[in-house]
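Student: Below is one structure. I have some questions about it.
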Amino acid sequence: MPMPPASRKSAALVEGPSRAPARAMLKAVGFDDAALHKPLIGVANTWIEVGPCNYHLRELAERVKAGIREAGGTPMEFNTVSISDGIAMGSEGMRASLVSREVIADSIELVSRGNSFDAVVVLVGCDKTIPGGVMALARLDVPGVILYGGSIEPGTWEGHDVTIQDVFEAVGAHAAGKLTDTQLLTLENQACPGAGACGGQFTANTMATVCEFLGISPMGSASVPATDAGKDVVAERAGRLVMGVLNRADNARKILTKDAIENAIAAVAATGGSTNAVLHLLAIAREAGVELSLDDFDRISERTPLLADLKPGGKFVATDLYRAGGITLVAKRLLDAGLLHGDTLTVTGRTLGDEAAEAKETAGQEVVRPLDQPIKPTGGLVILKGNLAPEGCVVKVAGYTRLHHRGPAKVFDSEEAAFEAVEQGRIAADDVVVIRNEGPKGGPGMREMLAVTAAIVGAGLGDSVALLTDGRFSGATRGLMAGHVAPEAVDGGPIAAIRDGDMVVFDIDQRTLSVELSDDEIAARVAAWPRPEPRFATGVMAKYARLVTSAATGAVTG
């Protein structure tokens with residue numbers, strides 16, 4: 001049964017004699033009177049032809065729209081932007097990545113407000129499209145569903161599964177003379193066999209996990225791989241589901257609560273997820289009107305065991321998790337451990353606890369550990385503070401055991417300079433690589449340092465070198481790496497004070513990141529440090545640099 005006009009937001013757009021011009025234009029593109037008298041559902045698509053993560057979303061959108069029509073709504077599809085991190089990584093283009101998160105959220109908000117949609121389904125794939133979509137729903141506070149396009153299948157190289165992480169690390173191995181040109185080319189040709197987001201528990205799969213634990217994606221939907229036949233079924237269900245969310249008036253902020261966000265943090269900790277989840281959840285919380293701080297991440301990670309043996313720190317990829325029982329299995333483990341708020345609402349109308357209780361574990365699976373046999377007793381994220389990061393920084397501790405490092409700084413004022421030093425063999429064991437001027441404002445755009453961190457690992461230095469930056473890391477980064485160091489250099493952060501040879505100390509147990517300098521010396525050096533000129537004087541990048549906040553508050557612009 002169609003909703004009565006009085007209860008439809010879209011009625012203001014299409015109902016009554018005065019709206020004849022709007023109806024005339026909508027009829028020009030195929031909508032008839034029957035369609036316009038139904039709820040109008042925005043289908044926000046982040047499809048692009050650049051890269052595999054979002055490449056298949058056109059086809060999925062058709063299935064979503066079919067589900068909406070079946071359930072009594074009228075879908076209206078529109079597109080927004082996406083930047084492929086895996087392609088832009090290590091280049092100037094990577095500065096656009098985090099900026100795109102804001103543009104995605106802004107554009108979905110604008111089109112949805114401009115057309116008075118009654119509800120919105122957002123199709124997402126690559127890293128920034130996912131938080132951007134959730135941020136938009138939180139701003140709009142309309143009934144909504146996030147549908148993740150799914151993970152890519154792993155490639156096969158020299159008899160074992162590989163992902164894009166292996167290609168990045170192979171660049172360092174090739175530079176160190178450990179791989180031939182032919183081996184590198186063969187790996188490049190075989191690592192990414194088709195559509196879907198990067199295959200480990202990197203940022204895309206981490207944020208897809210987050211969406212299920214937030215309740216804004218239906219439980220079990222994100223785990224289904226991009227090219228699996230079941231993805232069409234998931235997409236049609238999402239279309240039908242959004243109509244149920246609309247009929248129940250379960251607007252986004254009713255779902256995106258503090259308890260739901262704490263569930264999402266637990267999921268990141270339990271799966272060894274990307275440090276980018278910290279940045280994105282801070283931004284989502286802000287849009288949803290929820291108070292959240294870096295300390296919440298450390299508190300929740302400290303009580304949450306690392307259970308999922310996933311790349312980059314572990315052995316398995318997202319498709320392995322799907323076959324083991326999926327994200328629902330992780331939720332069941334955390335529910336059984338008493339580490340979830342099981343009463344939080346999801347887009348299905350059921351609680352997260354109800355959904356998790358239906359997990360089906362594949363016999364003999366090794367991807368998700370039993371509660372009494374965790375990989376580590378505490379989660380994959382820690383927050384460090386100290387005289388180098390007064391506002392905090394983020395370290396992912398999944399996949400390694402080094403909890404203390406003291407070494408001399410090698411300081412670089414850009415990612416490119418650091419990468420060149422690694423390639424030229426100028427980084428040695430015990431060094432602490434410092435990369436500054438790559439923060440939200442200083443970059444601008446807070447580039448991910450995967451090219452550098454992967455080159456360090458590929459050169460055989462992953463277990464003996466540490467790195468810190470006011471930029472950020474890819475979810476594929478591994479090793480002792482501190483990102484999001486705040487305040488950033490251009491804001492007068494202490495990272496600006498470090499010079500070559502200064503002794504830097506990472507102490508994970510004490511939750512500190514420090515340099516062996518007095519407060520007076522740090523202050524004097526920061527005052528004397530020549531701030532670089534902004535890289536962009538006009539355009540979106542300059543606008544972003546003027547507006548963006550600290551990484552410690554999510555690097556948001558609104």
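Identifiers in the structure tokens: chain A, B, ... in order shown; residue index from 1 per chain; ligand index from 1 in order shown.
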Do you know which residues are at most 10 Å from Gly172 in chain A counting only C-alpha atoms, after dropping those on the same chain fewer than 3 positions away, and could you put them as a list in words?
Tutor: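 Skipping anything fewer than 3 positions along the chain leaves Val167, Phe168, Glu169, Ala175, Ala176, Gly177, Lys178, Leu179, Phe419, Val422, Glu423, Ala451, Val452, Thr453, Ala454, Ala455, Ile456, Val457, Gly458, Ala459 and Gly460 of chain A.
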Student: List as a Markdown table every residue of range 249-357 of chain A that is in contact with range 465-482 of chain A, defined as an atom at most 8 Å from one of its atoms (using only C-alpha atoms), together with the nearest atom pair and the distance in Å rounded to one decimal, sorted by chain and then rising number.
Tutor:
```
| residue | atom | partner | partner_atom | distance |
| --- | --- | --- | --- | --- |
| A:Gly273 | CA | A:Gly475 | CA | 6.9 |
| A:Ser274 | CA | A:Gly475 | CA | 4.2 |
| A:Thr275 | CA | A:Gly475 | CA | 6.6 |
| A:Asn276 | CA | A:Gly475 | CA | 7.0 |
| A:Lys311 | CA | A:Ala476 | CA | 7.5 |
| A:Pro312 | CA | A:Ala476 | CA | 5.3 |
| A:Gly313 | CA | A:Arg478 | CA | 6.3 |
```
Student: To test your reading of the structure, identify every residue in range 35-134 of chain A that backbone DSSP assigns to strand (DSSP E), and report it as a list in words.
Tutor: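 After running DSSP on the backbone, range 35-134 of chain A has strand (DSSP E) at Leu40, Ile41, Gly42, Val43, Ala44, Asn45, Thr74, Pro75, Met76, Glu77, Phe78, Asn79, Ala119, Val120, Val121, Val122, Leu123 and Val124 of chain A.
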Student: Excluding Leu340 in chain A and residues on its chain fewer than 2 positions from it, collect all residues at most 12 Å away from it, counting only C-alpha atoms, and give them as a ChimeraX atom specification.
Tutor: /A:213-214,258-267,270,300,303-304,330-338,342-344,351-354,356
Student: Just list as number ranges by chain whatever in range 125-362 of chain A DSSP marks as alpha helix (DSSP H).
Tutor: A: 129-140, 164-175, 181-190, 203-214, 230-248, 252-255, 258-271, 276-288, 294-303, 318-324, 326-336, 352-356
Student: Which residues are close to Leu26 in chain A, i.e. within 12 Å by only C-alpha atoms, leaving aside same-chain residues fewer than 2 positions away? Reply as a list of chain:residue names.
Tutor: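 Here the qualifying residues turn out to be A:Leu13, A:Val14, A:Arg19, A:Ala20, A:Pro21, A:Ala22, A:Arg23, A:Ala24, A:Ala28, A:Val29, A:Gly30, A:Phe31, A:Asp32, A:Asp33, A:Ala35, A:Leu36, A:Leu40, A:Thr74, A:Met76, A:Asn115.
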Student: Looking at A:Thr346, A:Ser518, A:Ser82, A:Asn45, which one is nearest to Asp250 in chain A, with distances taken over only C-alpha atoms?
Tutor: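 Looking only at the distances to Asp250 in chain A, the closest residue turns out to be A:Thr346.
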Student: Which residue, A:Gly380, A:Gly155, A:Gly289, A:Gly493, has the smallest gap to Ile522 in chain A when you use only C-alpha atoms?
Tutor: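 Among the listed residues, A:Gly493 lies closest to Ile522 in chain A.
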Student: Let me make sure I understand: among A:Thr348, A:Ser550, A:Thr557, A:Gln201, which one has the smallest atom-to-atom distance to Arg237 in chain A if we use only C-alpha atoms?
Tutor: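 Of A:Thr348, A:Ser550, A:Thr557, A:Gln201, the one nearest Arg237 in chain A, counting only C-alpha atoms, is A:Thr348.
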Student: Taking into account only C-alpha atoms, which residue in the set A:Phe536, A:Ala238, A:Leu123, A:Arg101 is nearest to Asn79 in chain A?
Tutor: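 The answer is A:Leu123, which sits nearest to Asn79 in chain A.
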Student: Have a look at CA of Thr209 in chain A and CA of Arg299 in chain A and let me know their distance in Å, one decimal.
Tutor: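 Distance reported for this atom pair: 19.6 Å.
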Student: Applying 6 Å and only C-alpha atoms, which residues near Ser10 in chain A remain after dropping the ones on its own chain fewer than 2 positions away? List them as a PDB file with all heavy atoms, in the first residue's frame.
Tutor:
```
ATOM      1  N   ARG A   8       4.636  11.493   3.667  1.00  0.00           N
ATOM      2  CA  ARG A   8       5.806  11.400   2.794  1.00  0.00           C
ATOM      3  C   ARG A   8       6.496  12.754   2.673  1.00  0.00           C
ATOM      4  O   ARG A   8       5.890  13.746   2.285  1.00  0.00           O
ATOM      5  CB  ARG A   8       5.387  10.937   1.394  1.00  0.00           C
ATOM      6  CG  ARG A   8       5.025   9.476   1.301  1.00  0.00           C
ATOM      7  CD  ARG A   8       4.978   9.022  -0.159  1.00  0.00           C
ATOM      8  NE  ARG A   8       3.818   9.540  -0.869  1.00  0.00           N
ATOM      9  CZ  ARG A   8       3.901  10.310  -1.949  1.00  0.00           C
ATOM     10  NH1 ARG A   8       5.072  10.690  -2.420  1.00  0.00           N
ATOM     11  NH2 ARG A   8       2.794  10.722  -2.546  1.00  0.00           N
ATOM     12  N   ALA A  12       6.115  17.127  -0.720  1.00  0.00           N
ATOM     13  CA  ALA A  12       6.386  18.550  -0.951  1.00  0.00           C
ATOM     14  C   ALA A  12       6.995  18.798  -2.322  1.00  0.00           C
ATOM     15  O   ALA A  12       6.944  19.920  -2.838  1.00  0.00           O
ATOM     16  CB  ALA A  12       7.319  19.075   0.137  1.00  0.00           C
ATOM     17  N   LEU A  13       7.565  17.757  -2.918  1.00  0.00           N
ATOM     18  CA  LEU A  13       8.188  17.882  -4.232  1.00  0.00           C
ATOM     19  C   LEU A  13       7.215  17.600  -5.372  1.00  0.00           C
ATOM     20  O   LEU A  13       7.293  18.242  -6.434  1.00  0.00           O
ATOM     21  CB  LEU A  13       9.380  16.919  -4.327  1.00  0.00           C
ATOM     22  CG  LEU A  13      10.265  17.058  -5.560  1.00  0.00           C
ATOM     23  CD1 LEU A  13      11.192  18.250  -5.408  1.00  0.00           C
ATOM     24  CD2 LEU A  13      11.075  15.777  -5.775  1.00  0.00           C
ATOM     25  N   SER A 116      14.018  15.880  -1.732  1.00  0.00           N
ATOM     26  CA  SER A 116      13.106  15.486  -0.643  1.00  0.00           C
ATOM     27  C   SER A 116      12.873  13.977  -0.594  1.00  0.00           C
ATOM     28  O   SER A 116      11.749  13.505  -0.416  1.00  0.00           O
ATOM     29  CB  SER A 116      11.754  16.210  -0.800  1.00  0.00           C
ATOM     30  OG  SER A 116      11.914  17.598  -0.765  1.00  0.00           O
ATOM     31  N   PHE A 117      13.950  13.207  -0.745  1.00  0.00           N
ATOM     32  CA  PHE A 117      13.788  11.758  -0.706  1.00  0.00           C
ATOM     33  C   PHE A 117      13.249  11.314   0.650  1.00  0.00           C
ATOM     34  O   PHE A 117      13.618  11.842   1.697  1.00  0.00           O
ATOM     35  CB  PHE A 117      15.124  11.057  -0.968  1.00  0.00           C
ATOM     36  CG  PHE A 117      15.637  11.206  -2.374  1.00  0.00           C
ATOM     37  CD1 PHE A 117      16.983  11.445  -2.614  1.00  0.00           C
ATOM     38  CD2 PHE A 117      14.792  11.087  -3.460  1.00  0.00           C
ATOM     39  CE1 PHE A 117      17.474  11.577  -3.893  1.00  0.00           C
ATOM     40  CE2 PHE A 117      15.262  11.217  -4.756  1.00  0.00           C
ATOM     41  CZ  PHE A 117      16.600  11.473  -4.975  1.00  0.00           C
ATOM     42  N   ASP A 118      12.399  10.307   0.609  1.00  0.00           N
ATOM     43  CA  ASP A 118      11.834   9.762   1.847  1.00  0.00           C
ATOM     44  C   ASP A 118      12.818   8.846   2.567  1.00  0.00           C
ATOM     45  O   ASP A 118      12.746   8.691   3.786  1.00  0.00           O
ATOM     46  CB  ASP A 118      10.555   8.995   1.520  1.00  0.00           C
ATOM     47  CG  ASP A 118       9.493   9.898   0.938  1.00  0.00           C
ATOM     48  OD1 ASP A 118       9.030  10.801   1.656  1.00  0.00           O
ATOM     49  OD2 ASP A 118       9.144   9.732  -0.251  1.00  0.00           O
TER      50      ASP A 118
END
```
Student: Just the number, please: distance in Å from CA of Glu102 in chain A to CA of Thr129 in chain A, one decimal.
Tutor: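 It comes out at 9.5 Å.
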Student: Using only C-alpha atoms, which residue out of A:Val171, A:Ile383, A:Ala429, A:Asp507 lies closest to His405 in chain A?
Tutor: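 Among A:Val171, A:Ile383, A:Ala429, A:Asp507, it is A:Asp507 that comes nearest to His405 in chain A.
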Student: Write out as a compact mmCIF listing (two decimals) with N, CA, C and O atoms, in the first residue's frame each polymer residue whose atoms come within 8 Å of Gly445 in chain A, counting only C-alpha atoms; drop sequence neighbours fewer than 2 positions from it.
Tutor:
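The resulting file, around22.txt, is shown below:
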```txt
# COMPACT_ATOMS: atom_id res chain seq x y z
N MET A 94 46.74 11.08 -4.06
CA MET A 94 46.28 10.56 -2.78
C MET A 94 45.81 11.67 -1.84
O MET A 94 45.05 11.42 -0.91
N ARG A 95 46.24 12.90 -2.12
CA ARG A 95 45.76 14.01 -1.29
C ARG A 95 44.25 14.19 -1.43
O ARG A 95 43.59 14.74 -0.55
N ALA A 96 43.70 13.72 -2.54
CA ALA A 96 42.27 13.88 -2.78
C ALA A 96 41.42 12.87 -2.03
O ALA A 96 40.20 13.06 -1.90
N SER A 97 42.02 11.81 -1.52
CA SER A 97 41.25 10.70 -0.98
C SER A 97 40.38 11.10 0.21
O SER A 97 39.16 10.95 0.19
N LEU A 98 41.00 11.61 1.27
CA LEU A 98 40.22 11.96 2.46
C LEU A 98 39.30 13.14 2.17
O LEU A 98 38.19 13.21 2.70
N VAL A 99 39.74 14.04 1.31
CA VAL A 99 38.87 15.15 0.91
C VAL A 99 37.59 14.60 0.28
O VAL A 99 36.50 15.13 0.49
N GLU A 438 52.07 16.09 6.28
CA GLU A 438 51.13 15.25 5.55
C GLU A 438 49.80 15.12 6.31
O GLU A 438 49.02 14.22 6.06
N GLY A 439 49.55 16.04 7.25
CA GLY A 439 48.32 15.99 8.02
C GLY A 439 47.12 16.50 7.25
O GLY A 439 47.21 16.82 6.05
N PRO A 440 45.97 16.61 7.92
CA PRO A 440 44.76 17.07 7.23
C PRO A 440 44.95 18.44 6.56
O PRO A 440 44.58 18.62 5.40
N LYS A 441 45.56 19.39 7.28
CA LYS A 441 45.80 20.71 6.70
C LYS A 441 47.10 20.76 5.91
O LYS A 441 47.17 21.34 4.83
N GLY A 442 48.14 20.18 6.47
CA GLY A 442 49.46 20.30 5.87
C GLY A 442 49.62 19.56 4.57
O GLY A 442 50.40 19.98 3.70
N GLY A 443 48.88 18.47 4.40
CA GLY A 443 49.00 17.71 3.16
C GLY A 443 48.65 18.53 1.93
O GLY A 443 49.47 18.64 1.02
N ARG A 447 47.50 12.13 3.41
CA ARG A 447 47.75 10.96 2.57
C ARG A 447 48.08 9.71 3.39
O ARG A 447 48.66 9.80 4.47
N MET A 541 41.02 21.78 -2.72
CA MET A 541 42.06 21.42 -1.77
C MET A 541 42.38 22.59 -0.82
O MET A 541 42.58 22.38 0.38
N TYR A 544 39.47 22.91 1.60
CA TYR A 544 39.55 21.85 2.61
C TYR A 544 40.59 22.21 3.68
O TYR A 544 40.33 22.08 4.88
N ALA A 545 41.77 22.66 3.24
CA ALA A 545 42.84 22.98 4.20
C ALA A 545 42.42 24.09 5.16
O ALA A 545 42.81 24.09 6.32
```
